[in-house]
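Shown here: model-v3.txt, compact mmCIF, C-alpha atoms.
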# COMPACT_ATOMS: atom_id res chain seq x y z
CA MET Y 207 -3.40 54.12 53.10
CA SER Y 208 -6.73 55.49 54.23
CA ASN Y 209 -8.59 53.02 56.43
CA ILE Y 210 -11.84 54.23 54.82
CA LYS Y 211 -10.83 52.61 51.53
CA ARG Y 212 -11.31 49.21 53.19
CA ALA Y 213 -15.06 49.80 53.03
CA PHE Y 214 -14.88 49.64 49.23
CA GLU Y 215 -12.60 46.62 48.84
CA ASN Y 216 -15.31 43.95 48.69
CA GLY Y 217 -17.67 45.29 46.05
CA LYS Y 218 -20.15 48.12 46.47
CA ALA Y 219 -20.18 49.76 49.90
CA PHE Y 220 -23.30 50.22 51.99
CA ILE Y 221 -22.78 53.25 54.22
CA ALA Y 222 -25.19 53.65 57.12
CA PHE Y 223 -25.83 56.89 59.02
CA ILE Y 224 -27.13 57.06 62.57
CA THR Y 225 -27.66 59.98 64.95
CA CYS Y 226 -25.82 59.26 68.19
CA GLY Y 227 -28.04 59.34 71.27
CA ASP Y 228 -31.42 58.86 69.60
CA PRO Y 229 -33.15 57.57 71.69
CA ASP Y 230 -30.05 56.97 73.84
CA LEU Y 231 -26.40 56.00 73.35
CA GLU Y 232 -26.86 52.40 74.44
CA THR Y 233 -29.45 51.93 71.68
CA THR Y 234 -27.14 53.66 69.18
CA LYS Y 235 -24.37 51.24 70.11
CA LYS Y 236 -26.60 48.18 69.71
CA ALA Y 237 -27.96 49.47 66.39
CA VAL Y 238 -24.44 50.01 65.02
CA ILE Y 239 -23.46 46.47 65.99
CA GLU Y 240 -26.57 45.13 64.21
CA MET Y 241 -25.81 47.19 61.10
CA VAL Y 242 -22.28 45.83 60.97
CA ALA Y 243 -23.50 42.26 61.49
CA ASN Y 244 -25.93 42.70 58.59
CA GLY Y 245 -23.45 43.96 56.05
CA ALA Y 246 -22.78 47.69 56.56
CA ASP Y 247 -19.33 48.53 55.22
CA LEU Y 248 -18.90 51.95 56.81
CA ILE Y 249 -20.76 53.73 59.62
CA GLU Y 250 -21.42 57.48 59.72
CA LEU Y 251 -21.98 58.54 63.33
CA GLY Y 252 -23.89 61.80 63.52
CA ILE Y 253 -22.96 64.09 66.38
CA PRO Y 254 -26.14 66.07 67.15
CA PHE Y 255 -26.18 69.81 66.57
CA SER Y 256 -28.88 72.35 67.43
CA ASP Y 257 -29.00 73.80 63.90
CA PRO Y 258 -28.25 70.99 61.41
CA THR Y 259 -28.66 72.99 58.19
CA ALA Y 260 -28.19 70.07 55.77
CA GLU Y 261 -30.78 67.89 57.46
CA GLY Y 262 -34.44 67.40 56.69
CA PRO Y 263 -37.14 67.00 59.35
CA VAL Y 264 -36.39 63.31 60.09
CA ILE Y 265 -32.76 63.82 61.12
CA GLN Y 266 -33.54 67.22 62.67
CA GLY Y 267 -35.98 65.36 64.93
CA ALA Y 268 -33.32 62.82 65.85
CA ASN Y 269 -30.88 65.63 66.70
CA LEU Y 270 -33.46 67.25 68.95
CA ARG Y 271 -34.32 63.99 70.72
CA ALA Y 272 -30.63 63.21 71.30
CA LEU Y 273 -29.80 66.69 72.62
CA THR Y 274 -32.90 66.71 74.85
CA GLY Y 275 -31.74 63.36 76.21
CA GLY Y 276 -28.47 64.92 77.33
CA VAL Y 277 -26.04 63.63 74.71
CA THR Y 278 -22.62 65.34 74.60
CA THR Y 279 -19.57 64.98 72.39
CA ASP Y 280 -17.59 63.43 75.24
CA LYS Y 281 -20.31 60.84 75.86
CA ILE Y 282 -20.25 59.98 72.15
CA PHE Y 283 -16.46 59.58 72.28
CA ASP Y 284 -16.92 57.13 75.17
CA MET Y 285 -19.52 55.18 73.18
CA VAL Y 286 -17.09 54.90 70.24
CA ARG Y 287 -14.41 53.55 72.59
CA GLU Y 288 -16.88 50.84 73.61
CA LEU Y 289 -17.88 50.14 69.99
CA ARG Y 290 -14.28 49.76 68.89
CA LYS Y 291 -13.93 46.74 71.19
CA GLU Y 292 -15.97 44.77 68.63
CA VAL Y 293 -16.49 46.90 65.52
CA THR Y 294 -13.56 46.85 63.10
CA ILE Y 295 -15.06 48.42 59.96
CA PRO Y 296 -14.33 52.10 59.16
CA MET Y 297 -16.35 54.69 61.08
CA VAL Y 298 -16.57 58.43 60.50
CA PHE Y 299 -18.20 61.32 62.33
CA MET Y 300 -20.70 63.51 60.51
CA THR Y 301 -21.38 66.80 62.23
CA TYR Y 302 -21.11 70.56 61.79
CA ALA Y 303 -18.09 72.85 61.90
CA ASN Y 304 -19.35 74.63 65.02
CA VAL Y 305 -19.40 71.36 66.99
CA VAL Y 306 -15.70 70.84 66.23
CA TYR Y 307 -14.81 74.51 66.79
CA SER Y 308 -16.56 74.74 70.14
CA TYR Y 309 -14.90 71.55 71.38
CA ASP Y 310 -11.47 72.80 70.13
CA ALA Y 311 -10.59 71.45 66.70
CA ASP Y 312 -7.17 70.07 67.59
CA LYS Y 313 -8.48 68.29 70.69
CA PHE Y 314 -11.55 66.95 68.80
CA ILE Y 315 -9.59 65.52 65.85
CA LYS Y 316 -6.80 64.18 68.06
CA THR Y 317 -9.46 62.31 70.05
CA CYS Y 318 -10.94 60.96 66.78
CA ASN Y 319 -7.57 59.39 66.02
CA GLU Y 320 -7.23 57.98 69.55
CA ILE Y 321 -10.67 56.31 69.59
CA GLY Y 322 -10.55 54.88 66.07
CA ILE Y 323 -12.61 57.37 64.03
CA ASP Y 324 -11.28 57.26 60.46
CA GLY Y 325 -12.85 60.36 58.96
CA LEU Y 326 -14.83 63.54 59.45
CA ILE Y 327 -17.70 64.89 57.32
CA LEU Y 328 -18.66 68.55 57.82
CA PRO Y 329 -21.46 69.39 55.36
CA ASP Y 330 -21.42 73.11 56.19
CA LEU Y 331 -17.67 73.52 55.55
CA PRO Y 332 -17.05 75.17 52.16
CA PHE Y 333 -14.25 73.66 50.08
CA GLU Y 334 -12.46 77.03 50.07
CA GLU Y 335 -12.39 77.13 53.87
CA LYS Y 336 -11.39 73.55 54.63
CA GLU Y 337 -7.70 74.23 55.15
CA GLU Y 338 -7.70 74.93 58.86
CA PHE Y 339 -9.56 71.67 59.56
CA GLU Y 340 -7.67 69.69 56.93
CA ASP Y 341 -4.26 70.57 58.34
CA ILE Y 342 -5.30 69.19 61.73
CA CYS Y 343 -6.90 66.12 60.11
CA ASN Y 344 -3.67 65.41 58.22
CA LYS Y 345 -1.70 65.82 61.45
CA TYR Y 346 -3.77 63.12 63.17
CA ASP Y 347 -4.37 60.86 60.14
CA VAL Y 348 -8.13 61.48 60.01
CA ASP Y 349 -9.65 61.85 56.51
CA LEU Y 350 -11.62 65.05 55.93
CA VAL Y 351 -14.29 63.74 53.56
CA SER Y 352 -15.32 66.05 50.70
CA LEU Y 353 -18.87 66.52 49.44
CA ILE Y 354 -19.75 67.10 45.79
CA ALA Y 355 -23.24 68.38 44.99
CA PRO Y 356 -25.18 68.91 41.74
CA THR Y 357 -24.22 72.59 42.04
CA SER Y 358 -20.46 71.85 42.20
CA GLU Y 359 -20.18 71.76 38.36
CA ASN Y 360 -16.84 73.28 37.33
CA ARG Y 361 -15.46 72.76 40.87
CA ILE Y 362 -15.83 68.95 40.71
CA ALA Y 363 -12.28 68.31 39.42
CA MET Y 364 -10.77 70.69 41.97
CA ILE Y 365 -12.61 69.07 44.90
CA ALA Y 366 -11.99 65.50 43.68
CA LYS Y 367 -8.23 66.00 43.22
CA GLU Y 368 -7.82 66.92 46.89
CA ALA Y 369 -10.33 64.43 48.32
CA LYS Y 370 -9.43 61.95 51.06
CA GLY Y 371 -11.06 58.67 52.12
CA PHE Y 372 -14.12 58.76 49.89
CA ILE Y 373 -16.21 61.39 48.14
CA TYR Y 374 -19.75 61.97 49.35
CA VAL Y 375 -21.86 62.69 46.25
CA VAL Y 376 -25.02 64.59 47.19
CA SER Y 377 -27.77 63.19 44.97
CA SER Y 378 -30.19 66.10 45.07
CA LEU Y 379 -30.48 69.76 45.94
CA GLY Y 380 -31.99 70.55 49.32
CA VAL Y 381 -31.76 68.73 52.63
CA THR Y 382 -31.53 65.07 53.61
CA GLY Y 383 -34.64 62.92 53.55
CA THR Y 384 -36.16 60.03 51.63
CA ARG Y 385 -37.20 60.76 48.04
CA LYS Y 386 -39.52 58.83 45.72
CA GLU Y 387 -37.28 59.61 42.78
CA ILE Y 388 -33.75 60.90 42.26
CA THR Y 389 -33.60 62.84 38.98
CA THR Y 390 -30.12 64.41 39.10
CA ASP Y 391 -27.73 63.47 36.26
CA LEU Y 392 -25.44 61.57 38.61
CA ASP Y 393 -23.69 59.66 35.80
CA SER Y 394 -22.01 62.82 34.55
CA ILE Y 395 -21.03 63.92 38.07
CA VAL Y 396 -19.44 60.53 38.81
CA ALA Y 397 -17.72 60.53 35.38
CA ALA Y 398 -16.20 63.93 36.17
CA ILE Y 399 -14.99 62.65 39.54
CA ARG Y 400 -13.43 59.55 37.95
CA LYS Y 401 -11.40 61.74 35.57
CA SER Y 402 -9.76 63.47 38.51
CA THR Y 403 -9.25 60.78 41.16
CA ASP Y 404 -9.38 57.07 41.87
CA ILE Y 405 -10.74 57.66 45.37
CA PRO Y 406 -14.12 55.90 45.74
CA CYS Y 407 -17.34 57.90 45.64
CA ALA Y 408 -20.69 57.03 47.20
CA ILE Y 409 -24.08 58.64 46.68
CA GLY Y 410 -26.28 59.87 49.52
CA PHE Y 411 -29.40 62.00 50.20
CA GLY Y 412 -32.77 60.46 49.36
CA ILE Y 413 -31.97 56.74 49.18
CA SER Y 414 -34.49 54.66 51.11
CA ILE Y 415 -35.47 51.49 49.23
CA PRO Y 416 -33.40 48.57 47.86
CA GLU Y 417 -34.08 49.53 44.23
CA GLN Y 418 -32.62 52.99 44.82
CA ALA Y 419 -29.58 51.56 46.61
CA LYS Y 420 -28.95 49.22 43.68
CA LYS Y 421 -29.32 52.01 41.12
CA MET Y 422 -27.03 54.41 43.00
CA SER Y 423 -24.37 51.76 43.64
CA ASP Y 424 -24.45 50.80 39.95
CA ILE Y 425 -23.53 54.40 39.12
CA SER Y 426 -20.96 54.85 41.91
CA ASP Y 427 -18.97 52.83 44.46
CA GLY Y 428 -21.66 52.76 47.13
CA ALA Y 429 -24.86 54.09 48.65
CA ILE Y 430 -25.34 56.17 51.79
CA VAL Y 431 -28.57 55.90 53.79
CA GLY Y 432 -29.59 57.97 56.79
CA SER Y 433 -33.18 59.21 57.06
CA ALA Y 434 -34.71 55.79 56.32
CA ILE Y 435 -32.70 54.29 59.21
CA ILE Y 436 -33.67 57.15 61.54
CA LYS Y 437 -37.36 56.56 60.71
CA ILE Y 438 -37.02 52.94 61.89
CA ILE Y 439 -35.35 54.12 65.10
CA GLU Y 440 -38.09 56.70 65.64
CA LYS Y 441 -40.76 54.03 65.13
CA TYR Y 442 -39.33 51.29 67.36
CA GLY Y 443 -37.31 53.29 69.91
CA ARG Y 444 -35.13 51.10 72.13
CA ASP Y 445 -36.41 47.99 70.32
CA CYS Y 446 -35.04 49.26 66.99
CA PRO Y 447 -31.65 47.48 66.62
CA ARG Y 448 -33.12 44.25 65.21
CA TYR Y 449 -35.29 46.12 62.72
CA VAL Y 450 -32.41 48.38 61.69
CA GLY Y 451 -30.29 45.28 61.08
CA GLU Y 452 -32.99 43.68 58.91
CA TYR Y 453 -33.30 46.88 56.87
CA VAL Y 454 -29.55 47.11 56.33
CA ARG Y 455 -29.47 43.47 55.21
CA SER Y 456 -32.21 44.13 52.60
CA MET Y 457 -30.33 47.15 51.24
CA LYS Y 458 -26.96 45.41 51.15
CA ASP Y 459 -28.44 42.33 49.44
CA ALA Y 460 -29.89 44.54 46.69
CA MET Y 461 -26.42 45.96 45.99
CA ARG Y 462 -24.59 42.65 45.63

Starting from the file, give its structure as structure tokens.
Amino acid sequence: MSNIKRAFENGKAFIAFITCGDPDLETTKKAVIEMVANGADLIELGIPFSDPTAEGPVIQGANLRALTGGVTTDKIFDMVRELRKEVTIPMVFMTYANVVYSYDADKFIKTCNEIGIDGLILPDLPFEEKEEFEDICNKYDVDLVSLIAPTSENRIAMIAKEAKGFIYVVSSLGVTGTRKEITTDLDSIVAAIRKSTDIPCAIGFGISIPEQAKKMSDISDGAIVGSAIIKIIEKYGRDCPRYVGEYVRSMKDAMR
């Protein structure tokens, strides 16, 4: 059984995203521990990339700060090894196909398995081209998480049937970032997913306040938040872990 499914066993899942190495890896580690202590059910660890095409300006800025600070994939692997000494909830990497390619896909995904990473999200990997990554993921028991967007339409059933771990439902067209309002007809997207699979689905892109988290988790199995967390980190720097924890607690409480 996928370890990721554990995140959805106790009600609606709050999934928290963080860019590794912004402002430094020690702060990332402390922030993750605070998020877990305050109710996060699954952690998405972003591996910085120089051209993060799915990201809005907030996460782009975090990527730039992390890369300027000298973060590398190997240093992030070491941080995860440290985290796994006390963090038991599911964790996944979110990054871009080129990061995995350039590291060597087999070596990267094998290391994910060894250090306790349960899944991999590659937002720039088209469904039709996932096979070469998926075969390696299956080999090392790492879930390759599928994304379904408002533009997926008649491909929803096809993507959902082959999904592993959980399905990342993209709430809106465009890039990541907080939004005042989410207007996509997410009910029909989730209904189409439910017809094809019993794998949980969570909604991300644009969720920043408790009311949005509640609304999205009422429609689906959970809510994914990234940019709002990165804004707190950007504001407080190395003092951010406590504030990140308080924010996660407010979002998780709204979803109960």

Shell around Cys407 of chain Y at 10 Å using all atoms listed in the file, local window under 6 positions removed, as a list in words: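 Contacts, in chain order: Phe214, Ala219, Ser352, Leu353, Ile354, Ala366, Ala369, Gly371, Phe372, Ile373, Tyr374, Val375, Val396, Ile399, Arg400, Ser423, Ile425, Ser426, Asp427, Gly428 and Ala429 of chain Y.
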
- request: Find the spatial neighbours of Lys437 of chain Y, counting all atoms listed in the file, within a cut-off of 12 Å - ignore same-chain residues fewer than 5 positions away - and output them as a PyMOL selection string.
  value: chain Y and resi 223-225+228-229+262-268+383-384+414+431-432+442-443+446+449-450+453

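The shell of residues at most 6 Å from Ala272 of chain Y, with only C-alpha atoms counted and near chain neighbours (fewer than 3 positions) removed, consists of Y:Gly227, Y:Asp228, Y:Asn269, Y:Gly275, Y:Val277.
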
I'd like the neighbourhood of segment 326-343 of chain Y as an mmCIF file with C-alpha atoms, in the coordinates of the input, where a residue qualifies if any of its atoms comes within 8 Å (using only C-alpha atoms), though same-chain residues fewer than 6 positions away should be ignored.
data_model
loop_
_atom_site.group_PDB
_atom_site.id
_atom_site.type_symbol
_atom_site.label_atom_id
_atom_site.label_comp_id
_atom_site.auth_asym_id
_atom_site.auth_seq_id
_atom_site.Cartn_x
_atom_site.Cartn_y
_atom_site.Cartn_z
ATOM 1 C CA THR Y 259 -28.660 72.990 58.190
ATOM 2 C CA ALA Y 260 -28.190 70.070 55.770
ATOM 3 C CA VAL Y 298 -16.570 58.430 60.500
ATOM 4 C CA PHE Y 299 -18.200 61.320 62.330
ATOM 5 C CA MET Y 300 -20.700 63.510 60.510
ATOM 6 C CA THR Y 301 -21.380 66.800 62.230
ATOM 7 C CA TYR Y 302 -21.110 70.560 61.790
ATOM 8 C CA ALA Y 303 -18.090 72.850 61.900
ATOM 9 C CA ALA Y 311 -10.590 71.450 66.700
ATOM 10 C CA ASP Y 312 -7.170 70.070 67.590
ATOM 11 C CA ILE Y 315 -9.590 65.520 65.850
ATOM 12 C CA ASP Y 349 -9.650 61.850 56.510
ATOM 13 C CA LEU Y 350 -11.620 65.050 55.930
ATOM 14 C CA VAL Y 351 -14.290 63.740 53.560
ATOM 15 C CA SER Y 352 -15.320 66.050 50.700
ATOM 16 C CA LEU Y 353 -18.870 66.520 49.440
ATOM 17 C CA ILE Y 365 -12.610 69.070 44.900
#

- prompt: From the set Y:Val376, Y:Gly276, Y:Glu320, Y:Val454, which residue has the shortest atom-to-atom contact distance to Gly412 of chain Y, counting all atoms listed in the file?
  reply: Y:Val376

- request: Would you please work out which residue, of Y:Ile282, Y:Ile438, Y:Val348, Y:Met457, is nearest to Ala237 of chain Y when using all atoms listed in the file?
  value: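 Residue with the minimum atom-to-atom distance to Ala237 of chain Y: Y:Ile438.
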
query: Taking all atoms listed in the file into account, which of Y:Lys316, Y:Lys211, Y:Arg271, Y:Lys441 comes nearest Leu248 of chain Y?
result: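 For Leu248 of chain Y, the nearest of the candidates is Y:Lys211.
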